[in-house]
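Trainee: Data file entry.tsv (TSV, C-alpha atoms and all ligand atoms) is appended below.
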chain	number	residue	atom	x	y	z
A	2	MET	CA	8.39	-1.16	-19.37
A	3	MET	CA	12.21	-1.34	-19.48
A	4	THR	CA	13.86	-3.23	-16.65
A	5	ASN	CA	17.47	-3.63	-15.59
A	6	PRO	CA	18.52	-7.30	-15.57
A	7	ASP	CA	21.12	-6.54	-12.89
A	8	ARG	CA	18.49	-5.00	-10.66
A	9	PRO	CA	15.41	-7.24	-10.62
A	10	THR	CA	12.02	-5.70	-9.94
A	11	ILE	CA	10.20	-7.23	-6.96
A	12	LEU	CA	6.46	-6.75	-6.47
A	13	VAL	CA	5.39	-7.13	-2.83
A	14	LEU	CA	1.73	-8.08	-2.43
A	15	GLY	CA	0.12	-7.05	0.84
A	16	SER	CA	2.69	-4.30	1.32
A	17	THR	CA	0.25	-2.39	3.53
A	18	GLY	CA	-0.33	-5.40	5.81
A	19	GLN	CA	1.57	-6.67	8.82
A	20	THR	CA	3.90	-9.07	6.94
A	21	GLY	CA	4.29	-7.27	3.61
A	22	ARG	CA	5.24	-4.06	5.36
A	23	LEU	CA	8.13	-5.88	7.09
A	24	VAL	CA	9.20	-7.58	3.84
A	25	VAL	CA	9.54	-4.11	2.29
A	26	GLU	CA	11.52	-2.90	5.33
A	27	GLU	CA	13.89	-5.85	4.98
A	28	LEU	CA	14.34	-5.26	1.23
A	29	ASP	CA	15.05	-1.59	1.95
A	30	ARG	CA	18.21	-2.69	3.77
A	31	TYR	CA	19.77	-3.44	0.37
A	32	PRO	CA	19.38	-0.19	-1.57
A	33	GLY	CA	20.34	-0.56	-5.20
A	34	ALA	CA	20.21	-4.36	-5.23
A	35	VAL	CA	16.60	-4.59	-6.37
A	36	GLN	CA	13.78	-2.35	-7.54
A	37	ILE	CA	10.93	-2.63	-5.01
A	38	ARG	CA	7.37	-2.17	-6.24
A	39	LEU	CA	4.67	-1.76	-3.59
A	40	CYS	CA	0.97	-2.09	-4.29
A	41	SER	CA	-2.44	-1.52	-2.74
A	42	ARG	CA	-6.09	-1.89	-3.67
A	43	ARG	CA	-6.67	1.54	-2.08
A	44	ARG	CA	-5.89	4.44	-4.38
A	45	GLU	CA	-5.23	6.84	-1.50
A	46	GLU	CA	-2.66	4.41	-0.14
A	47	VAL	CA	-0.93	4.21	-3.54
A	48	GLU	CA	-0.79	8.01	-3.64
A	49	ARG	CA	0.53	8.19	-0.07
A	50	LEU	CA	3.33	5.75	-0.90
A	51	GLN	CA	4.18	7.56	-4.13
A	52	SER	CA	4.34	10.87	-2.26
A	53	GLN	CA	6.99	9.25	-0.06
A	54	GLY	CA	9.04	8.54	-3.18
A	55	ARG	CA	8.15	4.87	-3.37
A	56	GLU	CA	7.33	2.98	-6.55
A	57	ALA	CA	3.72	2.00	-5.89
A	58	VAL	CA	0.95	0.71	-8.15
A	59	PHE	CA	-2.77	0.11	-7.86
A	60	LEU	CA	-3.54	-3.61	-7.74
A	61	ASP	CA	-6.82	-5.17	-6.64
A	62	LEU	CA	-6.54	-8.94	-6.39
A	63	ASP	CA	-10.30	-9.14	-6.96
A	64	ASP	CA	-10.00	-7.30	-10.28
A	65	PRO	CA	-7.59	-8.91	-12.78
A	66	ARG	CA	-7.99	-5.86	-15.01
A	67	THR	CA	-5.60	-4.11	-12.60
A	68	PHE	CA	-2.87	-6.75	-12.99
A	69	GLY	CA	-1.41	-5.69	-16.36
A	70	SER	CA	0.26	-2.43	-15.50
A	71	ALA	CA	1.09	-3.64	-11.97
A	72	LEU	CA	2.96	-6.69	-13.31
A	73	ALA	CA	4.69	-5.23	-16.35
A	74	GLY	CA	8.46	-5.42	-15.87
A	75	VAL	CA	8.20	-7.48	-12.66
A	76	ASP	CA	10.79	-10.26	-12.19
A	77	ARG	CA	9.85	-11.63	-8.75
A	78	ILE	CA	6.68	-11.55	-6.66
A	79	TYR	CA	5.96	-11.95	-2.96
A	80	LEU	CA	2.50	-13.51	-3.13
A	81	LEU	CA	0.52	-12.83	0.02
A	82	THR	CA	-3.26	-12.99	0.23
A	83	GLY	CA	-5.59	-11.96	3.03
A	84	TYR	CA	-7.83	-13.96	5.36
A	85	THR	CA	-10.43	-15.01	2.77
A	86	VAL	CA	-11.39	-17.92	0.53
A	87	ALA	CA	-11.07	-15.43	-2.31
A	88	MET	CA	-7.33	-16.24	-2.11
A	89	LEU	CA	-8.03	-19.13	-4.49
A	90	VAL	CA	-9.31	-17.07	-7.40
A	91	GLN	CA	-7.02	-14.16	-6.56
A	92	SER	CA	-3.91	-16.35	-6.70
A	93	LYS	CA	-5.03	-18.31	-9.78
A	94	THR	CA	-5.65	-15.17	-11.80
A	95	LEU	CA	-2.52	-13.43	-10.55
A	96	VAL	CA	-0.30	-16.43	-11.38
A	97	ASP	CA	-1.80	-16.60	-14.90
A	98	ALA	CA	-1.08	-12.91	-15.44
A	99	ALA	CA	2.41	-13.27	-13.94
A	100	SER	CA	3.16	-16.05	-16.40
A	101	LYS	CA	2.11	-13.86	-19.33
A	102	ALA	CA	4.09	-10.89	-17.94
A	103	GLY	CA	7.28	-12.98	-17.81
A	104	VAL	CA	7.64	-13.11	-14.01
A	105	GLN	CA	10.46	-15.51	-13.12
A	106	HIS	CA	9.98	-16.29	-9.43
A	107	ILE	CA	7.04	-16.39	-7.00
A	108	VAL	CA	7.62	-16.60	-3.25
A	109	HIS	CA	4.36	-17.64	-1.59
A	110	GLN	CA	3.33	-17.05	2.01
A	111	GLY	CA	1.44	-20.19	2.99
A	112	ILE	CA	0.81	-22.20	6.14
A	113	PHE	CA	2.43	-24.82	8.41
A	114	GLY	CA	0.50	-27.81	7.07
A	115	GLN	CA	1.26	-31.41	6.21
A	116	TRP	CA	0.61	-32.23	2.54
A	117	ASP	CA	-2.59	-34.21	3.18
A	118	CYS	CA	-4.20	-31.92	5.76
A	119	THR	CA	-7.95	-31.40	5.52
A	120	ASP	CA	-8.44	-28.05	7.19
A	121	PRO	CA	-10.05	-25.79	4.55
A	122	HIS	CA	-7.86	-22.70	4.68
A	123	PHE	CA	-4.72	-24.82	4.83
A	124	ALA	CA	-6.00	-26.76	1.82
A	125	TRP	CA	-6.58	-23.52	-0.11
A	126	HIS	CA	-2.96	-22.49	0.41
A	127	GLN	CA	-1.81	-25.92	-0.75
A	128	LEU	CA	-3.95	-25.70	-3.90
A	129	ILE	CA	-2.33	-22.33	-4.60
A	130	GLU	CA	1.13	-23.85	-4.15
A	131	ARG	CA	0.35	-26.63	-6.62
A	132	TYR	CA	-1.03	-24.07	-9.08
A	133	ILE	CA	2.12	-21.95	-8.85
A	134	GLU	CA	4.25	-25.05	-9.43
A	135	ALA	CA	2.17	-26.01	-12.48
A	136	SER	CA	2.59	-22.53	-13.97
A	137	GLY	CA	6.23	-23.17	-14.83
A	138	ILE	CA	7.34	-20.08	-12.88
A	139	ALA	CA	10.10	-20.83	-10.36
A	140	TRP	CA	8.69	-20.98	-6.83
A	141	THR	CA	9.62	-20.91	-3.17
A	142	HIS	CA	7.01	-21.77	-0.53
A	143	LEU	CA	7.11	-20.33	2.98
A	144	HIS	CA	5.31	-22.26	5.73
A	145	PRO	CA	4.99	-20.04	8.80
A	146	ASN	CA	3.28	-21.39	11.90
A	147	TYR	CA	1.21	-19.24	14.31
A	148	PHE	CA	2.28	-15.56	14.22
A	149	MET	CA	3.46	-14.02	17.52
A	150	GLU	CA	1.77	-10.87	16.18
A	151	ASN	CA	-1.61	-12.61	16.63
A	152	LEU	CA	-1.22	-11.49	20.26
A	153	LEU	CA	-1.68	-7.95	18.94
A	154	SER	CA	-4.11	-8.59	16.11
A	155	VAL	CA	-6.22	-11.72	15.55
A	156	THR	CA	-6.65	-12.83	19.19
A	157	PRO	CA	-5.25	-9.80	21.00
A	158	LEU	CA	-4.10	-9.21	24.51
A	159	LYS	CA	-6.74	-7.08	26.23
A	160	ALA	CA	-7.41	-6.23	29.88
A	161	SER	CA	-4.37	-8.31	31.01
A	162	SER	CA	-5.57	-11.46	29.25
A	163	PHE	CA	-5.83	-13.18	25.91
A	164	SER	CA	-7.56	-16.31	24.64
A	165	MET	CA	-6.38	-19.46	22.91
A	166	TYR	CA	-9.08	-21.56	21.29
A	167	CYS	CA	-7.37	-24.97	21.36
A	168	GLY	CA	-7.59	-25.62	25.11
A	169	ASP	CA	-4.17	-26.33	26.59
A	170	LYS	CA	-2.67	-27.71	23.36
A	171	ARG	CA	0.65	-26.40	22.14
A	172	ILE	CA	1.18	-24.40	18.96
A	173	GLY	CA	4.43	-23.34	17.28
A	174	TRP	CA	5.10	-19.59	17.21
A	175	ILE	CA	7.00	-17.46	14.69
A	176	ALA	CA	7.86	-13.75	14.70
A	177	LEU	CA	6.88	-11.92	11.53
A	178	GLN	CA	10.27	-10.21	11.37
A	179	ASP	CA	11.75	-13.68	10.77
A	180	VAL	CA	9.21	-14.48	8.05
A	181	ALA	CA	10.00	-11.13	6.44
A	182	ALA	CA	13.79	-11.49	6.69
A	183	THR	CA	13.59	-14.97	5.15
A	184	ALA	CA	11.28	-13.77	2.38
A	185	ALA	CA	13.47	-10.75	1.61
A	186	THR	CA	16.65	-12.82	1.37
A	187	ILE	CA	14.96	-15.27	-0.99
A	188	LEU	CA	13.57	-12.45	-3.13
A	189	LEU	CA	16.96	-10.76	-3.28
A	190	LYS	CA	18.95	-13.86	-4.25
A	191	GLY	CA	16.23	-15.20	-6.55
A	192	PRO	CA	15.27	-18.56	-8.04
A	193	GLU	CA	18.78	-19.78	-8.93
A	194	LYS	CA	19.55	-20.11	-5.24
A	195	TYR	CA	16.13	-20.68	-3.68
A	196	GLY	CA	13.83	-21.95	-6.43
A	197	GLY	CA	11.92	-25.20	-5.78
A	198	LYS	CA	12.38	-25.08	-2.01
A	199	ASP	CA	10.05	-25.15	1.01
A	200	TYR	CA	10.90	-23.36	4.25
A	201	TRP	CA	9.26	-24.21	7.59
A	202	MET	CA	8.99	-21.60	10.30
A	203	SER	CA	8.05	-22.61	13.83
A	204	THR	CA	10.55	-21.32	16.35
A	205	GLU	CA	9.14	-22.40	19.72
A	206	SER	CA	6.18	-24.43	20.92
A	207	PHE	CA	3.96	-23.15	23.74
A	208	ASN	CA	0.47	-23.51	25.05
A	209	GLY	CA	-1.55	-20.54	26.27
A	210	ALA	CA	-0.47	-20.82	29.90
A	211	GLU	CA	3.20	-20.92	28.91
A	212	VAL	CA	2.77	-17.84	26.70
A	213	ALA	CA	0.98	-16.04	29.56
A	214	ALA	CA	3.90	-16.83	31.90
A	215	ILE	CA	6.43	-15.33	29.44
A	216	LEU	CA	4.31	-12.22	28.88
A	217	SER	CA	3.82	-11.78	32.64
A	218	GLU	CA	7.59	-11.82	33.20
A	219	VAL	CA	8.43	-9.49	30.31
A	220	LEU	CA	5.64	-7.00	31.08
A	221	ASN	CA	6.12	-7.36	34.82
A	222	GLN	CA	2.39	-7.74	35.35
A	223	GLU	CA	0.04	-10.68	35.68
A	224	ILE	CA	-1.18	-11.81	32.24
A	225	SER	CA	-3.63	-14.69	32.01
A	226	CYS	CA	-4.76	-16.87	29.16
A	227	PHE	CA	-8.32	-18.16	28.79
A	228	LEU	CA	-8.01	-21.71	27.50
A	229	LYS	CA	-11.10	-21.76	25.31
A	230	GLN	CA	-12.61	-24.28	22.89
A	231	PRO	CA	-13.03	-24.10	19.08
A	232	GLU	CA	-16.76	-23.46	19.53
A	233	ASP	CA	-15.91	-20.32	21.51
A	234	LEU	CA	-13.98	-19.08	18.48
A	235	TRP	CA	-16.98	-19.83	16.29
A	236	ALA	CA	-19.18	-17.78	18.64
A	237	LEU	CA	-16.69	-14.90	18.52
A	238	LEU	CA	-16.29	-14.94	14.75
A	239	THR	CA	-20.03	-15.05	14.10
A	240	SER	CA	-20.92	-12.51	16.79
A	241	GLY	CA	-21.23	-9.66	14.32
A	242	GLU	CA	-18.25	-7.87	15.90
A	243	SER	CA	-15.84	-9.94	13.83
A	244	LYS	CA	-14.79	-8.80	10.37
A	245	VAL	CA	-13.43	-12.24	9.44
A	246	GLU	CA	-14.94	-13.55	6.22
A	247	PRO	CA	-17.30	-16.51	7.01
A	248	ASN	CA	-15.45	-19.17	4.97
A	249	TYR	CA	-12.17	-18.23	6.59
A	250	ALA	CA	-13.85	-18.22	10.01
A	251	GLU	CA	-15.00	-21.82	9.43
A	252	GLY	CA	-11.45	-22.76	8.47
A	253	ALA	CA	-10.03	-21.13	11.58
A	254	VAL	CA	-12.47	-23.02	13.82
A	255	GLU	CA	-11.74	-26.31	12.05
A	256	PHE	CA	-8.02	-25.65	12.56
A	257	MET	CA	-8.58	-25.36	16.32
A	258	ARG	CA	-10.74	-28.54	16.30
A	259	GLN	CA	-8.00	-30.50	14.53
A	260	VAL	CA	-5.33	-29.18	16.89
A	261	MET	CA	-7.53	-30.28	19.81
A	262	ASP	CA	-8.29	-33.79	18.52
A	263	GLY	CA	-4.72	-34.45	17.36
A	264	ARG	CA	-5.19	-34.49	13.58
A	265	MET	CA	-3.12	-31.31	13.43
A	266	GLY	CA	-1.16	-31.95	16.61
A	267	TYR	CA	1.98	-31.40	14.50
A	268	VAL	CA	1.43	-27.62	14.59
A	269	GLY	CA	2.80	-27.91	18.13
A	270	SER	CA	6.21	-28.90	16.76
A	271	VAL	CA	9.36	-26.83	16.25
A	272	ARG	CA	10.76	-26.65	12.73
A	273	ASP	CA	13.09	-23.75	12.25
A	274	ASP	CA	14.46	-23.17	8.73
A	275	VAL	CA	14.89	-19.41	9.20
A	276	PRO	CA	18.64	-19.53	10.06
A	277	LEU	CA	19.33	-21.58	6.92
A	278	VAL	CA	18.34	-18.56	4.84
A	279	THR	CA	19.04	-15.53	7.05
A	280	GLY	CA	22.13	-16.82	8.84
A	281	ARG	CA	20.78	-15.62	12.18
A	282	THR	CA	18.92	-17.31	14.98
A	283	SER	CA	15.15	-16.97	15.07
A	284	THR	CA	13.39	-14.63	17.46
A	285	THR	CA	12.14	-16.29	20.65
A	286	LEU	CA	8.76	-15.33	22.09
A	287	ARG	CA	10.54	-13.71	25.02
A	288	GLN	CA	12.68	-11.61	22.67
A	289	TRP	CA	9.65	-10.67	20.59
A	290	ALA	CA	7.67	-9.65	23.69
A	291	THR	CA	10.62	-7.59	24.91
A	292	GLN	CA	10.89	-5.82	21.54
A	293	ASN	CA	7.14	-5.15	21.59
A	294	ARG	CA	6.84	-4.41	25.31
A	295	GLU	CA	5.20	-1.01	24.89
A	296	ARG	CA	2.62	-2.20	22.38
A	297	LEU	CA	1.81	-5.20	24.56
A	298	ARG	CA	1.56	-3.02	27.70
A	299	ASN	CA	-0.81	-0.65	25.92
A	300	ALA	CA	-2.89	-3.57	24.69
A	301	ALA	CA	-2.93	-5.16	28.16
A	302	THR	CA	-4.33	-2.00	29.73
A	303	GLY	CA	-6.92	-1.58	26.93
B	401	LIG	N1	-2.09	-15.25	11.38
B	401	LIG	C1	-1.35	-16.35	11.32
B	401	LIG	O1	-0.97	-16.90	12.37
B	401	LIG	C2	-0.96	-16.94	9.98
B	401	LIG	C3	-0.10	-18.04	9.99
B	401	LIG	C4	0.32	-18.58	8.78
B	401	LIG	C5	-0.10	-18.01	7.58
B	401	LIG	N2	-0.96	-16.95	7.59
B	401	LIG	C6	-1.37	-16.38	6.28
B	401	LIG	O2	-0.88	-15.05	6.18
B	401	LIG	C7	-1.69	-14.33	5.26
B	401	LIG	C8	-2.05	-12.98	5.84
B	401	LIG	O3	-0.88	-12.25	6.11
B	401	LIG	P1	-0.93	-10.92	7.01
B	401	LIG	O4	-1.32	-11.29	8.40
B	401	LIG	O5	0.32	-10.17	6.78
B	401	LIG	O6	-2.15	-10.16	6.34
B	401	LIG	P2	-2.76	-8.72	6.69
B	401	LIG	O7	-1.93	-7.98	7.68
B	401	LIG	O8	-4.22	-8.92	6.95
B	401	LIG	O9	-2.56	-7.97	5.29
B	401	LIG	C9	-3.23	-8.40	4.12
B	401	LIG	C10	-2.71	-7.56	2.99
B	401	LIG	O10	-3.32	-7.98	1.76
B	401	LIG	C11	-3.89	-6.84	1.14
B	401	LIG	N3	-5.09	-7.22	0.40
B	401	LIG	C12	-6.20	-7.80	0.89
B	401	LIG	N4	-7.11	-7.95	-0.09
B	401	LIG	C13	-6.54	-7.43	-1.22
B	401	LIG	C14	-6.99	-7.27	-2.55
B	401	LIG	N5	-8.21	-7.65	-2.95
B	401	LIG	N6	-6.15	-6.70	-3.44
B	401	LIG	C15	-4.92	-6.28	-3.07
B	401	LIG	N7	-4.44	-6.40	-1.82
B	401	LIG	C16	-5.25	-6.97	-0.91
B	401	LIG	C17	-4.24	-5.90	2.28
B	401	LIG	O11	-4.40	-4.61	1.77
B	401	LIG	P3	-5.41	-3.56	2.45
B	401	LIG	O12	-4.50	-2.69	3.24
B	401	LIG	O13	-6.00	-2.84	1.32
B	401	LIG	O14	-6.41	-4.31	3.27
B	401	LIG	C18	-3.01	-6.07	3.16
B	401	LIG	O15	-1.92	-5.32	2.68
B	401	LIG	C19	-2.94	-15.19	5.00
B	401	LIG	O16	-2.82	-15.79	3.72
B	401	LIG	C20	-2.88	-16.24	6.10
B	401	LIG	O17	-3.49	-17.45	5.71
B	401	LIG	C21	-1.39	-16.39	8.77
Let me see the file written as structure tokens.
Mentor:
Amino acid sequence: MMTNPDRPTILVLGSTGQTGRLVVEELDRYPGAVQIRLCSRRREEVERLQSQGREAVFLDLDDPRTFGSALAGVDRIYLLTGYTVAMLVQSKTLVDAASKAGVQHIVHQGIFGQWDCTDPHFAWHQLIERYIEASGIAWTHLHPNYFMENLLSVTPLKASSFSMYCGDKRIGWIALQDVAATAATILLKGPEKYGGKDYWMSTESFNGAEVAAILSEVLNQEISCFLKQPEDLWALLTSGESKVEPNYAEGAVEFMRQVMDGRMGYVGSVRDDVPLVTGRTSTTLRQWATQNRERLRNAATG
């Protein structure tokens, strides 16, 4: 496939998900600067995107046979995997194929972990980072802390309340629009400017009660937070209602345990590299809640 060296081709993994979708939106702000290639493991989704005039390819991270045509001509990749231990094999095989396809830069969406952390799903992301580095492809690692969007997805606001599973411990929060804006800038400018760098994203630190107070003010209604324990999360994730893959569920519970007992107390810290890349201040939880007021109100009444 012929490519234009002045207009690098960027493949965005997870472009149908909550972060990847925003990365694409951010890249769309610079028409002509880069060629954006979307992908999905669902053929109907690929067709839907193509019918909208997008460049979209079929790519199933669980099937490396789909990597060849998806990667041909790609210069830079946003590597995002889902909530599953399969991320290890998915990333290993994708990085191998990227190397053979001549990809020059991988920007990886990882986690807010210290290098020697022992929580399983944090460790998987770190293994992936080391593997990318060993591949010889230029890399940039993003380290977002707890997504504000979790209030609408993973542990959602419902019936005027939500739950945190680390008691009253604090966690650092980041808005996905900031992750996406940082990722897009790095992908646009490329490895000469951003290769070999780590970026930490934790804008503000709050416990559940403090988050509930902000939401109550912004929504102008009483929102409460149930300060639950890691074992409550385990019960939820193994209840049969949850779609979370069992290995990831164990990692999520272990994360909460380590936040509670202090081993991962550092996730309650602020570390805000977003402005260094985007040139703008990061989104506060209050700003994010204001921007998402209607969605939060609908969720709260659900
Ligand atoms: N939640 C947090 O607070 C948090 C914090 C830090 C880091 N993270 C990390 O963020 C990542 C998840 O990001 P997200 O929340 O944006 O994910 P998400 O909304 O669940 O989206 C996952 C994306 O990956 C795609 N995908 C899944 N399996 C695939 C496969 N086999 N082949 C091709 N595409 C596949 C999905 O496509 P489909 O539409 O086909 O499903 C979807 O587009 C995880 O690695 C997690 O560890 C999360």
Trainee: Throw together the list of residues within 9 Å of ligand LIG 401 (chain B), counting only C-alpha atoms and all ligand atoms, and drop it here as JSON, numbers by chain.
Mentor: {"A": [14, 15, 16, 17, 18, 19, 20, 21, 22, 23, 40, 41, 42, 43, 46, 59, 60, 61, 62, 63, 64, 80, 81, 82, 83, 84, 85, 87, 88, 91, 110, 111, 112, 113, 122, 123, 125, 126, 143, 144, 145, 146, 147, 148, 149, 150, 151, 154, 155, 174, 175, 177, 249]}
Trainee: Within 9 Å of Gly69 of chain A, counting all atoms listed in the file, which residues show up once you throw out same-chain ones fewer than 5 positions away? Write them as a VMD selection string, please.
Mentor: chain A and resid 98 to 99 102
Trainee: The centre and edge lengths of an axis-aligned box containing all atoms of segment 222-240 of chain A present in the file, extended by 8 Å on each side, are to be given in Å to one decimal, as lines of an AutoDock Vina configuration file.
Mentor:
center_x = -9.3
center_y = -16.0
center_z = 24.9
size_x = 39.3
size_y = 32.5
size_z = 37.6
Trainee: I need every residue sitting at most 8 Å from the point (9.2, -7.0, 30.8) (coordinates as in the file, only C-alpha atoms considered), written as a list in words.
Mentor: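 The residues that fall inside the cut-off are Leu216, Ser217, Glu218, Val219, Leu220, Asn221, Ala290, Thr291 and Arg294 of chain A.
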Trainee: Limited to C-alpha atoms, could you put the picked residues into a file as a PDB file, in the coordinates of the input?
Mentor:
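Saved as selection.pdb:
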ATOM      1  CA  LEU A 216       4.310 -12.220  28.880  1.00  0.00           C
ATOM      2  CA  SER A 217       3.820 -11.780  32.640  1.00  0.00           C
ATOM      3  CA  GLU A 218       7.590 -11.820  33.200  1.00  0.00           C
ATOM      4  CA  VAL A 219       8.430  -9.490  30.310  1.00  0.00           C
ATOM      5  CA  LEU A 220       5.640  -7.000  31.080  1.00  0.00           C
ATOM      6  CA  ASN A 221       6.120  -7.360  34.820  1.00  0.00           C
ATOM      7  CA  ALA A 290       7.670  -9.650  23.690  1.00  0.00           C
ATOM      8  CA  THR A 291      10.620  -7.590  24.910  1.00  0.00           C
ATOM      9  CA  ARG A 294       6.840  -4.410  25.310  1.00  0.00           C
TER      10      ARG A 294
END
Trainee: How many Å separate atom CA of Gln36 of chain A from atom CA of Val96 of chain A?
Mentor: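 Those two atoms sit 20.3 Å apart.
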Trainee: Given all atoms listed in the file as the basis, pick out the residue of A:Arg55, A:Arg287, A:Arg30, A:Lys229 nearest to Met165 of chain A.
Mentor: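 Result for the nearest residue to Met165 of chain A: A:Lys229.
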Trainee: What is the distance, in Å and to one decimal place, between atom CA of Thr279 of chain A and atom CA of Asp179 of chain A?
Mentor: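 Computed distance, atom CA of Thr279 of chain A to atom CA of Asp179 of chain A, equals 8.4 Å.
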Trainee: Suppose you want the space between atom CA of Thr183 of chain A and atom CA of Gly33 of chain A; what is it in Å?
Mentor: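 About the pair atom CA of Thr183 of chain A and atom CA of Gly33 of chain A: they are 19.0 Å apart.
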